[in-house]
file structure37.tsv (TSV, C-alpha atoms and all ligand atoms)
chain	number	residue	atom	x	y	z
A	7	MET	CA	64.99	110.14	134.27
A	8	GLU	CA	66.71	107.31	132.49
A	9	GLU	CA	65.08	104.06	133.31
A	10	LYS	CA	65.21	100.50	132.03
A	11	GLN	CA	61.92	99.77	130.40
A	12	GLY	CA	61.23	96.49	132.19
A	13	GLU	CA	57.75	95.06	131.97
A	14	VAL	CA	55.11	97.23	130.31
A	15	VAL	CA	51.43	96.30	130.22
A	16	LEU	CA	48.74	98.44	128.59
A	17	PHE	CA	45.10	98.07	129.62
A	18	GLY	CA	42.98	99.45	126.80
A	19	THR	CA	39.97	99.05	124.62
A	20	TRP	CA	39.97	98.95	120.83
A	21	ALA	CA	37.62	101.86	120.04
A	22	SER	CA	39.25	104.46	122.22
A	23	ASN	CA	41.16	107.55	121.15
A	24	PRO	CA	43.19	107.85	124.36
A	25	CYS	CA	44.17	104.17	124.18
A	26	THR	CA	45.17	104.45	120.51
A	27	ARG	CA	47.20	107.52	121.44
A	28	VAL	CA	49.23	105.48	123.93
A	29	GLU	CA	49.60	102.45	121.63
A	30	LEU	CA	50.89	104.69	118.84
A	31	ALA	CA	53.47	106.23	121.15
A	32	LEU	CA	54.67	102.84	122.43
A	33	LYS	CA	54.98	101.47	118.90
A	34	LEU	CA	56.66	104.61	117.59
A	35	LYS	CA	59.25	104.41	120.33
A	36	GLY	CA	59.68	100.66	119.85
A	37	ILE	CA	58.75	99.92	123.46
A	38	PRO	CA	57.61	96.28	123.77
A	39	TYR	CA	54.37	95.90	125.73
A	40	GLU	CA	51.67	93.42	126.55
A	41	TYR	CA	48.17	94.57	125.62
A	42	VAL	CA	45.12	93.69	127.73
A	43	GLU	CA	41.77	94.39	126.06
A	44	GLU	CA	39.15	95.55	128.56
A	45	ASP	CA	35.40	95.15	128.25
A	46	LEU	CA	34.17	98.51	129.57
A	47	LYS	CA	30.76	97.00	130.40
A	48	ASN	CA	32.48	94.48	132.61
A	49	LYS	CA	35.73	95.98	133.81
A	50	SER	CA	38.31	93.61	135.20
A	51	GLU	CA	39.30	93.61	138.86
A	52	LEU	CA	42.82	94.38	137.73
A	53	LEU	CA	41.78	97.53	135.89
A	54	LEU	CA	39.80	98.76	138.89
A	55	ARG	CA	42.77	98.09	141.10
A	56	HIS	CA	45.17	99.91	138.78
A	57	ASN	CA	42.90	102.91	138.19
A	58	PRO	CA	40.70	103.16	141.30
A	59	VAL	CA	40.06	106.89	140.85
A	60	TYR	CA	38.73	107.11	137.28
A	61	LYS	CA	38.21	103.38	136.55
A	62	LYS	CA	39.02	104.12	132.91
A	63	VAL	CA	41.41	102.97	130.20
A	64	PRO	CA	44.15	103.47	129.20
A	65	VAL	CA	46.27	102.40	132.12
A	66	LEU	CA	49.94	101.62	131.73
A	67	VAL	CA	51.45	99.27	134.25
A	68	HIS	CA	55.21	99.54	134.42
A	69	ASN	CA	57.00	96.98	136.56
A	70	GLY	CA	53.79	96.62	138.57
A	71	LYS	CA	53.23	100.36	139.06
A	72	SER	CA	50.24	101.94	137.37
A	73	ILE	CA	49.94	105.22	135.49
A	74	ALA	CA	46.55	106.46	134.32
A	75	GLU	CA	45.44	109.20	131.89
A	76	SER	CA	46.76	109.02	128.34
A	77	LEU	CA	48.63	112.35	128.29
A	78	ILE	CA	50.28	111.56	131.63
A	79	ILE	CA	51.28	108.14	130.25
A	80	LEU	CA	52.84	109.86	127.23
A	81	GLU	CA	54.79	112.20	129.50
A	82	TYR	CA	55.92	109.20	131.53
A	83	ILE	CA	57.29	107.19	128.61
A	84	GLU	CA	58.78	110.31	127.06
A	85	CYS	CA	61.16	110.43	130.06
A	86	TRP	CA	62.66	107.07	129.12
A	87	ASN	CA	65.78	106.94	127.05
A	88	SER	CA	63.80	106.03	123.94
A	89	THR	CA	63.58	107.69	120.57
A	90	PRO	CA	62.00	109.26	118.65
A	91	LYS	CA	60.90	111.93	121.08
A	92	LEU	CA	57.20	112.73	121.01
A	93	LEU	CA	57.69	116.38	121.90
A	94	PRO	CA	59.89	118.91	120.10
A	95	GLU	CA	63.02	120.24	121.84
A	96	ASP	CA	61.99	123.87	121.64
A	97	PRO	CA	59.96	124.89	124.74
A	98	HIS	CA	57.52	127.00	122.76
A	99	GLN	CA	56.91	124.20	120.25
A	100	ARG	CA	56.42	121.80	123.16
A	101	ALA	CA	53.88	124.12	124.70
A	102	LYS	CA	52.03	124.30	121.38
A	103	VAL	CA	51.81	120.51	121.12
A	104	ARG	CA	50.47	120.33	124.68
A	105	PHE	CA	48.01	123.15	123.93
A	106	TRP	CA	46.44	121.24	121.00
A	107	ALA	CA	46.36	117.92	122.84
A	108	ASN	CA	44.58	119.73	125.65
A	109	TYR	CA	42.23	121.48	123.19
A	110	TYR	CA	41.20	118.13	121.76
A	111	ASP	CA	40.57	116.61	125.21
A	112	GLN	CA	38.80	119.63	126.70
A	113	LYS	CA	36.83	120.88	123.69
A	114	VAL	CA	36.24	118.04	121.23
A	115	VAL	CA	35.85	114.96	123.41
A	116	PRO	CA	33.10	116.28	125.74
A	117	ILE	CA	30.92	117.30	122.76
A	118	PHE	CA	31.44	113.91	121.18
A	119	TYR	CA	29.98	112.29	124.31
A	120	ILE	CA	27.02	114.72	124.27
A	121	ILE	CA	26.29	113.82	120.64
A	122	PHE	CA	26.29	110.11	121.33
A	123	GLY	CA	24.56	110.35	124.70
A	124	ALA	CA	21.85	112.86	123.68
A	125	LYS	CA	18.32	111.71	124.41
A	126	GLY	CA	16.63	113.94	121.86
A	127	LYS	CA	17.14	115.25	118.33
A	128	GLU	CA	17.35	118.88	119.48
A	129	GLU	CA	20.12	118.20	122.00
A	130	ARG	CA	22.07	116.17	119.45
A	131	GLU	CA	21.74	118.78	116.70
A	132	LYS	CA	22.89	121.52	119.06
A	133	ALA	CA	25.94	119.41	120.02
A	134	ILE	CA	26.76	118.72	116.35
A	135	GLU	CA	26.64	122.47	115.69
A	136	ASP	CA	28.88	123.09	118.73
A	137	LEU	CA	31.34	120.49	117.41
A	138	SER	CA	31.52	122.12	113.99
A	139	GLN	CA	32.34	125.44	115.72
A	140	VAL	CA	35.06	123.83	117.82
A	141	LEU	CA	36.57	122.12	114.74
A	142	LYS	CA	36.69	125.38	112.76
A	143	VAL	CA	40.18	126.11	114.07
A	144	PHE	CA	41.41	123.12	112.07
A	145	GLU	CA	40.03	124.37	108.74
A	146	GLU	CA	42.67	124.48	106.03
A	147	GLU	CA	42.79	128.24	105.56
A	148	LYS	CA	43.15	128.82	109.33
A	149	ASN	CA	45.55	125.99	109.99
A	150	PRO	CA	47.11	124.64	106.77
A	151	LYS	CA	49.96	122.87	108.54
A	152	PHE	CA	47.57	120.88	110.71
A	153	LEU	CA	45.70	119.49	107.71
A	154	SER	CA	48.84	118.53	105.82
A	155	TRP	CA	50.09	116.80	108.98
A	156	VAL	CA	46.82	114.82	109.26
A	157	ASN	CA	47.04	113.78	105.61
A	158	ALA	CA	50.65	112.69	106.01
A	159	LEU	CA	49.71	110.62	109.05
A	160	LYS	CA	46.93	108.85	107.14
A	161	ASN	CA	49.58	107.32	104.89
A	162	CYS	CA	51.79	106.23	107.75
A	163	PRO	CA	51.79	102.38	108.05
A	164	LEU	CA	51.92	102.59	111.85
A	165	MET	CA	48.66	104.54	111.87
A	166	GLU	CA	46.97	102.08	109.55
A	167	GLU	CA	48.11	99.21	111.75
A	168	THR	CA	47.02	100.86	115.01
A	169	LEU	CA	43.81	102.76	114.26
A	170	PRO	CA	40.62	100.76	114.75
A	171	PRO	CA	39.13	99.43	111.49
A	172	HIS	CA	36.85	102.16	110.11
A	173	GLU	CA	33.86	99.91	109.33
A	174	LYS	CA	34.01	98.26	112.76
A	175	LEU	CA	34.16	101.67	114.42
A	176	VAL	CA	31.20	103.04	112.45
A	177	ALA	CA	29.13	99.94	113.29
A	178	MET	CA	29.95	100.33	117.00
A	179	LEU	CA	29.04	104.04	116.95
A	180	ARG	CA	25.72	103.24	115.21
A	181	VAL	CA	24.84	100.78	117.97
A	182	TRP	CA	25.78	103.41	120.60
A	183	LEU	CA	23.69	106.07	118.85
A	184	ASN	CA	20.65	103.79	118.52
A	185	SER	CA	20.88	102.75	122.15
A	186	THR	CA	20.55	106.35	123.36
A	187	GLN	CA	17.90	107.55	120.90
A	188	ALA	CA	14.56	108.40	122.45
A	201	LIG	N1	41.19	111.60	130.03
A	201	LIG	C1	41.30	110.19	129.92
A	201	LIG	C2	40.05	109.66	129.25
A	201	LIG	C3	39.96	108.15	129.36
A	201	LIG	C4	38.59	107.66	128.91
A	201	LIG	O1	37.62	108.42	128.77
A	201	LIG	N2	38.50	106.34	128.71
A	201	LIG	C5	37.25	105.74	128.33
A	201	LIG	C6	37.43	104.95	127.05
A	201	LIG	S1	37.75	106.05	125.69
A	201	LIG	C7	36.82	104.78	129.43
A	201	LIG	O2	37.61	104.05	129.97
A	201	LIG	N3	35.53	104.78	129.75
A	201	LIG	C8	34.98	103.91	130.74
A	201	LIG	C9	34.08	104.61	131.70
A	201	LIG	O3	33.86	105.83	131.55
A	201	LIG	O4	33.57	103.94	132.60
A	201	LIG	C10	42.57	109.83	129.15
A	201	LIG	O5	43.02	110.65	128.33
A	201	LIG	O6	43.13	108.76	129.38

call {"tool": "encode", "arguments": {"input": "structure37.tsv", "output": "structure tokens"}}
result
Amino acid sequence: MEEKQGEVVLFGTWASNPCTRVELALKLKGIPYEYVEEDLKNKSELLLRHNPVYKKVPVLVHNGKSIAESLIILEYIECWNSTPKLLPEDPHQRAKVRFWANYYDQKVVPIFYIIFGAKGKEEREKAIEDLSQVLKVFEEEKNPKFLSWVNALKNCPLMEETLPPHEKLVAMLRVWLNSTQA
């Protein structure tokens, strides 16, 4: 599909991995967009209208039509005639990229929510242990390329500009953790 970009609006929230994922892709591809910051404790009518099924961010609204779910949004903008491409040309390499994006969403993210939502110390400690098991595949000796890629990204100005400020994020996570502690 080759499509004129037209009007692009992103509904997001600052401390959100899936939203940052979409913002990075838009910036990388040089796609101009309007950003609407959502308060997840008080979601806007517009967000609920654009994502009535999940009621979550990110949502991309393209010429009035909404697309939800960060990976689906990435696939959508990847179809436009914009470069650089997010996915490699080679089908096997593409499948590998999708595999790891899926691994992160299916394996890492749910445990993260358990850690921050746990009512008791035992549940939280078990979840932290589960997370360290899940992250073992990214250890340097098992996956040296992954680590060098992460380090290279850390020095990329686009990442610095787009990732939420570390201190602000830590403060927000502390508040979240304290609010769920028994
Ligand atoms: N699988 C979704 C996850 C989206 C998601 O979990 N969004 C969170 C913010 S990080 C949200 O909107 N939460 C609001 C809620 O659960 O009510 C994606 O990749 O877009």

call {"tool": "closest_residue", "arguments": {"input": "structure37.tsv", "among": "A:Ala21, A:Leu66, A:Val59, A:Ile78", "to": "Thr168 in chain A", "atoms": "only C-alpha atoms"}}
result
A:Ala21

call {"tool": "residues_around", "arguments": {"input": "structure37.tsv", "residues": "Leu30 in chain A", "least_positions_apart": "2", "cutoff": "9 Å", "atoms": "all atoms listed in the file", "output": "list in words"}}
result
Cys25, Thr26, Arg27, Val28, Leu32, Lys33, Leu34, Lys35, Leu164, Met165, Thr168 and Leu169 of chain A

call {"tool": "residues_around", "arguments": {"input": "structure37.tsv", "residues": "Ile37 in chain A", "least_positions_apart": "3", "cutoff": "10 Å", "atoms": "only C-alpha atoms", "output": "list in words"}}
result
Gln11, Gly12, Glu13, Val14, Glu29, Ala31, Leu32, Lys33, Leu34, Ile83, Trp86, Ser88 and Thr89 of chain A

call {"tool": "residues_near_ligand", "arguments": {"input": "structure37.tsv", "ligand": "ligand LIG 201 (chain A)", "cutoff": "6 Å", "atoms": "all atoms listed in the file", "output": "NGL selection string"}}
result
:A and (22-24 or 46 or 62-64 or 75-77)

call {"tool": "atom_distance", "arguments": {"input": "structure37.tsv", "atom1": "CA of Ile117 in chain A", "atom2": "CA of Leu53 in chain A"}}
result
26.1 Å

call {"tool": "closest_residue", "arguments": {"input": "structure37.tsv", "among": "A:Leu92, A:Val15, A:Val114, A:Ser154", "to": "His68 in chain A", "atoms": "all atoms listed in the file"}}
result
A:Val15

call {"tool": "axis_aligned_box", "arguments": {"input": "structure37.tsv", "around": "range 129-137 of chain A", "padding_each_side": "6 Å", "output": "AutoDock Vina command-line options"}}
result
--center_x 25.7 --center_y 119.6 --center_z 118.8 --size_x 23.2 --size_y 18.9 --size_z 18.3

call {"tool": "residues_around", "arguments": {"input": "structure37.tsv", "residues": "Phe144 in chain A", "least_positions_apart": "4", "cutoff": "12 Å", "atoms": "all atoms listed in the file", "output": "mmCIF file with C-alpha atoms, keeping the file's coordinate frame"}}
result
data_model
loop_
_atom_site.group_PDB
_atom_site.id
_atom_site.type_symbol
_atom_site.label_atom_id
_atom_site.label_comp_id
_atom_site.auth_asym_id
_atom_site.auth_seq_id
_atom_site.Cartn_x
_atom_site.Cartn_y
_atom_site.Cartn_z
ATOM 1 C CA TRP A 106 46.440 121.240 121.000
ATOM 2 C CA TYR A 109 42.230 121.480 123.190
ATOM 3 C CA TYR A 110 41.200 118.130 121.760
ATOM 4 C CA VAL A 114 36.240 118.040 121.230
ATOM 5 C CA LEU A 137 31.340 120.490 117.410
ATOM 6 C CA SER A 138 31.520 122.120 113.990
ATOM 7 C CA GLN A 139 32.340 125.440 115.720
ATOM 8 C CA VAL A 140 35.060 123.830 117.820
ATOM 9 C CA LYS A 148 43.150 128.820 109.330
ATOM 10 C CA ASN A 149 45.550 125.990 109.990
ATOM 11 C CA PRO A 150 47.110 124.640 106.770
ATOM 12 C CA LYS A 151 49.960 122.870 108.540
ATOM 13 C CA PHE A 152 47.570 120.880 110.710
ATOM 14 C CA LEU A 153 45.700 119.490 107.710
ATOM 15 C CA SER A 154 48.840 118.530 105.820
ATOM 16 C CA TRP A 155 50.090 116.800 108.980
ATOM 17 C CA VAL A 156 46.820 114.820 109.260
#

call {"tool": "atom_distance", "arguments": {"input": "structure37.tsv", "atom1": "CA of Asn69 in chain A", "atom2": "CA of Glu84 in chain A"}}
result
16.5 Å

call {"tool": "closest_residue", "arguments": {"input": "structure37.tsv", "among": "A:Lys132, A:Glu166, A:Phe122, A:Leu159", "to": "Leu179 in chain A", "atoms": "only C-alpha atoms"}}
result
A:Phe122

call {"tool": "atom_distance", "arguments": {"input": "structure37.tsv", "atom1": "CA of Val42 in chain A", "atom2": "CA of Phe17 in chain A"}}
result
4.8 Å

call {"tool": "closest_residue", "arguments": {"input": "structure37.tsv", "among": "A:Leu141, A:Ala101, A:Leu16, A:Cys85", "to": "Ser72 in chain A", "atoms": "all atoms listed in the file"}}
result
A:Leu16

call {"tool": "closest_residue", "arguments": {"input": "structure37.tsv", "among": "A:Leu175, A:Ala133, A:Val143, A:Ile73", "to": "Tyr119 in chain A", "atoms": "all atoms listed in the file"}}
result
A:Ala133

call {"tool": "closest_residue", "arguments": {"input": "structure37.tsv", "among": "A:Glu51, A:Glu81, A:Glu40, A:Glu131", "to": "Val67 in chain A", "atoms": "all atoms listed in the file"}}
result
A:Glu40

call {"tool": "decode", "arguments": {"input": "structure37.tsv", "residues": "range 74-111 of chain A", "atoms": "N, CA and C atoms", "output": "PDB file, in the first residue's frame"}}
result
ATOM      1  N   ALA A  74      -5.405   0.745  16.767  1.00  0.00           N
ATOM      2  CA  ALA A  74      -4.940   0.510  18.135  1.00  0.00           C
ATOM      3  C   ALA A  74      -3.912  -0.615  18.142  1.00  0.00           C
ATOM      4  N   GLU A  75      -3.210  -0.733  19.277  1.00  0.00           N
ATOM      5  CA  GLU A  75      -2.182  -1.761  19.513  1.00  0.00           C
ATOM      6  C   GLU A  75      -0.872  -1.373  18.819  1.00  0.00           C
ATOM      7  N   SER A  76       0.148  -1.162  19.656  1.00  0.00           N
ATOM      8  CA  SER A  76       1.400  -0.589  19.142  1.00  0.00           C
ATOM      9  C   SER A  76       2.006  -1.380  17.975  1.00  0.00           C
ATOM     10  N   LEU A  77       2.040  -2.703  18.074  1.00  0.00           N
ATOM     11  CA  LEU A  77       2.691  -3.468  16.996  1.00  0.00           C
ATOM     12  C   LEU A  77       1.871  -3.398  15.704  1.00  0.00           C
ATOM     13  N   ILE A  78       0.558  -3.299  15.854  1.00  0.00           N
ATOM     14  CA  ILE A  78      -0.303  -3.178  14.667  1.00  0.00           C
ATOM     15  C   ILE A  78      -0.112  -1.782  14.045  1.00  0.00           C
ATOM     16  N   ILE A  79       0.071  -0.785  14.915  1.00  0.00           N
ATOM     17  CA  ILE A  79       0.339   0.570  14.407  1.00  0.00           C
ATOM     18  C   ILE A  79       1.660   0.570  13.623  1.00  0.00           C
ATOM     19  N   LEU A  80       2.664  -0.110  14.172  1.00  0.00           N
ATOM     20  CA  LEU A  80       3.959  -0.159  13.467  1.00  0.00           C
ATOM     21  C   LEU A  80       3.819  -0.821  12.100  1.00  0.00           C
ATOM     22  N   GLU A  81       3.056  -1.903  12.071  1.00  0.00           N
ATOM     23  CA  GLU A  81       2.838  -2.587  10.776  1.00  0.00           C
ATOM     24  C   GLU A  81       2.133  -1.640   9.800  1.00  0.00           C
ATOM     25  N   TYR A  82       1.193  -0.885  10.344  1.00  0.00           N
ATOM     26  CA  TYR A  82       0.397   0.026   9.506  1.00  0.00           C
ATOM     27  C   TYR A  82       1.289   1.100   8.874  1.00  0.00           C
ATOM     28  N   ILE A  83       2.122   1.750   9.709  1.00  0.00           N
ATOM     29  CA  ILE A  83       2.933   2.837   9.125  1.00  0.00           C
ATOM     30  C   ILE A  83       4.086   2.282   8.292  1.00  0.00           C
ATOM     31  N   GLU A  84       4.441   1.046   8.544  1.00  0.00           N
ATOM     32  CA  GLU A  84       5.505   0.422   7.741  1.00  0.00           C
ATOM     33  C   GLU A  84       5.072   0.282   6.277  1.00  0.00           C
ATOM     34  N   CYS A  85       3.731   0.197   6.064  1.00  0.00           N
ATOM     35  CA  CYS A  85       3.221   0.034   4.698  1.00  0.00           C
ATOM     36  C   CYS A  85       3.312   1.328   3.895  1.00  0.00           C
ATOM     37  N   TRP A  86       3.500   2.460   4.592  1.00  0.00           N
ATOM     38  CA  TRP A  86       3.576   3.712   3.845  1.00  0.00           C
ATOM     39  C   TRP A  86       4.911   3.787   3.123  1.00  0.00           C
ATOM     40  N   ASN A  87       4.935   4.680   2.151  1.00  0.00           N
ATOM     41  CA  ASN A  87       6.161   4.811   1.365  1.00  0.00           C
ATOM     42  C   ASN A  87       7.176   5.667   2.119  1.00  0.00           C
ATOM     43  N   SER A  88       7.517   5.244   3.334  1.00  0.00           N
ATOM     44  CA  SER A  88       8.439   6.049   4.137  1.00  0.00           C
ATOM     45  C   SER A  88       9.645   5.202   4.522  1.00  0.00           C
ATOM     46  N   THR A  89      10.787   5.872   4.612  1.00  0.00           N
ATOM     47  CA  THR A  89      11.995   5.163   5.009  1.00  0.00           C
ATOM     48  C   THR A  89      12.566   5.864   6.247  1.00  0.00           C
ATOM     49  N   PRO A  90      13.408   5.202   7.009  1.00  0.00           N
ATOM     50  CA  PRO A  90      13.866   3.828   6.836  1.00  0.00           C
ATOM     51  C   PRO A  90      12.778   2.822   7.179  1.00  0.00           C
ATOM     52  N   LYS A  91      12.936   1.624   6.666  1.00  0.00           N
ATOM     53  CA  LYS A  91      12.014   0.542   7.007  1.00  0.00           C
ATOM     54  C   LYS A  91      12.328   0.048   8.419  1.00  0.00           C
ATOM     55  N   LEU A  92      11.283  -0.316   9.145  1.00  0.00           N
ATOM     56  CA  LEU A  92      11.489  -0.822  10.502  1.00  0.00           C
ATOM     57  C   LEU A  92      11.914  -2.286  10.473  1.00  0.00           C
ATOM     58  N   LEU A  93      11.404  -3.013   9.503  1.00  0.00           N
ATOM     59  CA  LEU A  93      11.688  -4.448   9.423  1.00  0.00           C
ATOM     60  C   LEU A  93      12.701  -4.726   8.312  1.00  0.00           C
ATOM     61  N   PRO A  94      13.552  -5.741   8.535  1.00  0.00           N
ATOM     62  CA  PRO A  94      14.493  -6.115   7.474  1.00  0.00           C
ATOM     63  C   PRO A  94      13.765  -6.690   6.256  1.00  0.00           C
ATOM     64  N   GLU A  95      14.443  -6.714   5.124  1.00  0.00           N
ATOM     65  CA  GLU A  95      13.868  -7.270   3.890  1.00  0.00           C
ATOM     66  C   GLU A  95      13.705  -8.786   3.968  1.00  0.00           C
ATOM     67  N   ASP A  96      14.726  -9.428   4.523  1.00  0.00           N
ATOM     68  CA  ASP A  96      14.757 -10.890   4.545  1.00  0.00           C
ATOM     69  C   ASP A  96      13.624 -11.447   5.427  1.00  0.00           C
ATOM     70  N   PRO A  97      12.812 -12.383   4.871  1.00  0.00           N
ATOM     71  CA  PRO A  97      11.655 -12.883   5.622  1.00  0.00           C
ATOM     72  C   PRO A  97      12.018 -13.533   6.959  1.00  0.00           C
ATOM     73  N   HIS A  98      13.166 -14.234   6.979  1.00  0.00           N
ATOM     74  CA  HIS A  98      13.532 -14.877   8.241  1.00  0.00           C
ATOM     75  C   HIS A  98      13.944 -13.832   9.282  1.00  0.00           C
ATOM     76  N   GLN A  99      14.673 -12.809   8.825  1.00  0.00           N
ATOM     77  CA  GLN A  99      15.059 -11.729   9.745  1.00  0.00           C
ATOM     78  C   GLN A  99      13.819 -10.982  10.248  1.00  0.00           C
ATOM     79  N   ARG A 100      12.868 -10.805   9.358  1.00  0.00           N
ATOM     80  CA  ARG A 100      11.604 -10.138   9.756  1.00  0.00           C
ATOM     81  C   ARG A 100      10.905 -10.944  10.836  1.00  0.00           C
ATOM     82  N   ALA A 101      10.862 -12.256  10.608  1.00  0.00           N
ATOM     83  CA  ALA A 101      10.193 -13.128  11.575  1.00  0.00           C
ATOM     84  C   ALA A 101      10.897 -13.061  12.927  1.00  0.00           C
ATOM     85  N   LYS A 102      12.229 -12.939  12.890  1.00  0.00           N
ATOM     86  CA  LYS A 102      12.970 -12.866  14.155  1.00  0.00           C
ATOM     87  C   LYS A 102      12.643 -11.580  14.920  1.00  0.00           C
ATOM     88  N   VAL A 103      12.557 -10.475  14.185  1.00  0.00           N
ATOM     89  CA  VAL A 103      12.214  -9.200  14.834  1.00  0.00           C
ATOM     90  C   VAL A 103      10.830  -9.313  15.479  1.00  0.00           C
ATOM     91  N   ARG A 104       9.882  -9.894  14.733  1.00  0.00           N
ATOM     92  CA  ARG A 104       8.516 -10.040  15.261  1.00  0.00           C
ATOM     93  C   ARG A 104       8.510 -10.978  16.475  1.00  0.00           C
ATOM     94  N   PHE A 105       9.332 -12.027  16.407  1.00  0.00           N
ATOM     95  CA  PHE A 105       9.414 -12.984  17.517  1.00  0.00           C
ATOM     96  C   PHE A 105       9.818 -12.260  18.807  1.00  0.00           C
ATOM     97  N   TRP A 106      10.872 -11.402  18.730  1.00  0.00           N
ATOM     98  CA  TRP A 106      11.354 -10.759  19.961  1.00  0.00           C
ATOM     99  C   TRP A 106      10.404  -9.668  20.443  1.00  0.00           C
ATOM    100  N   ALA A 107       9.756  -8.989  19.508  1.00  0.00           N
ATOM    101  CA  ALA A 107       8.760  -7.984  19.932  1.00  0.00           C
ATOM    102  C   ALA A 107       7.629  -8.694  20.673  1.00  0.00           C
ATOM    103  N   ASN A 108       7.245  -9.860  20.145  1.00  0.00           N
ATOM    104  CA  ASN A 108       6.190 -10.646  20.765  1.00  0.00           C
ATOM    105  C   ASN A 108       6.642 -11.206  22.117  1.00  0.00           C
ATOM    106  N   TYR A 109       7.902 -11.630  22.190  1.00  0.00           N
ATOM    107  CA  TYR A 109       8.449 -12.162  23.450  1.00  0.00           C
ATOM    108  C   TYR A 109       8.365 -11.094  24.541  1.00  0.00           C
ATOM    109  N   TYR A 110       8.768  -9.882  24.179  1.00  0.00           N
ATOM    110  CA  TYR A 110       8.726  -8.790  25.146  1.00  0.00           C
ATOM    111  C   TYR A 110       7.278  -8.563  25.630  1.00  0.00           C
ATOM    112  N   ASP A 111       6.347  -8.489  24.687  1.00  0.00           N
ATOM    113  CA  ASP A 111       4.959  -8.201  25.062  1.00  0.00           C
ATOM    114  C   ASP A 111       4.316  -9.347  25.848  1.00  0.00           C
TER     115      ASP A 111
END
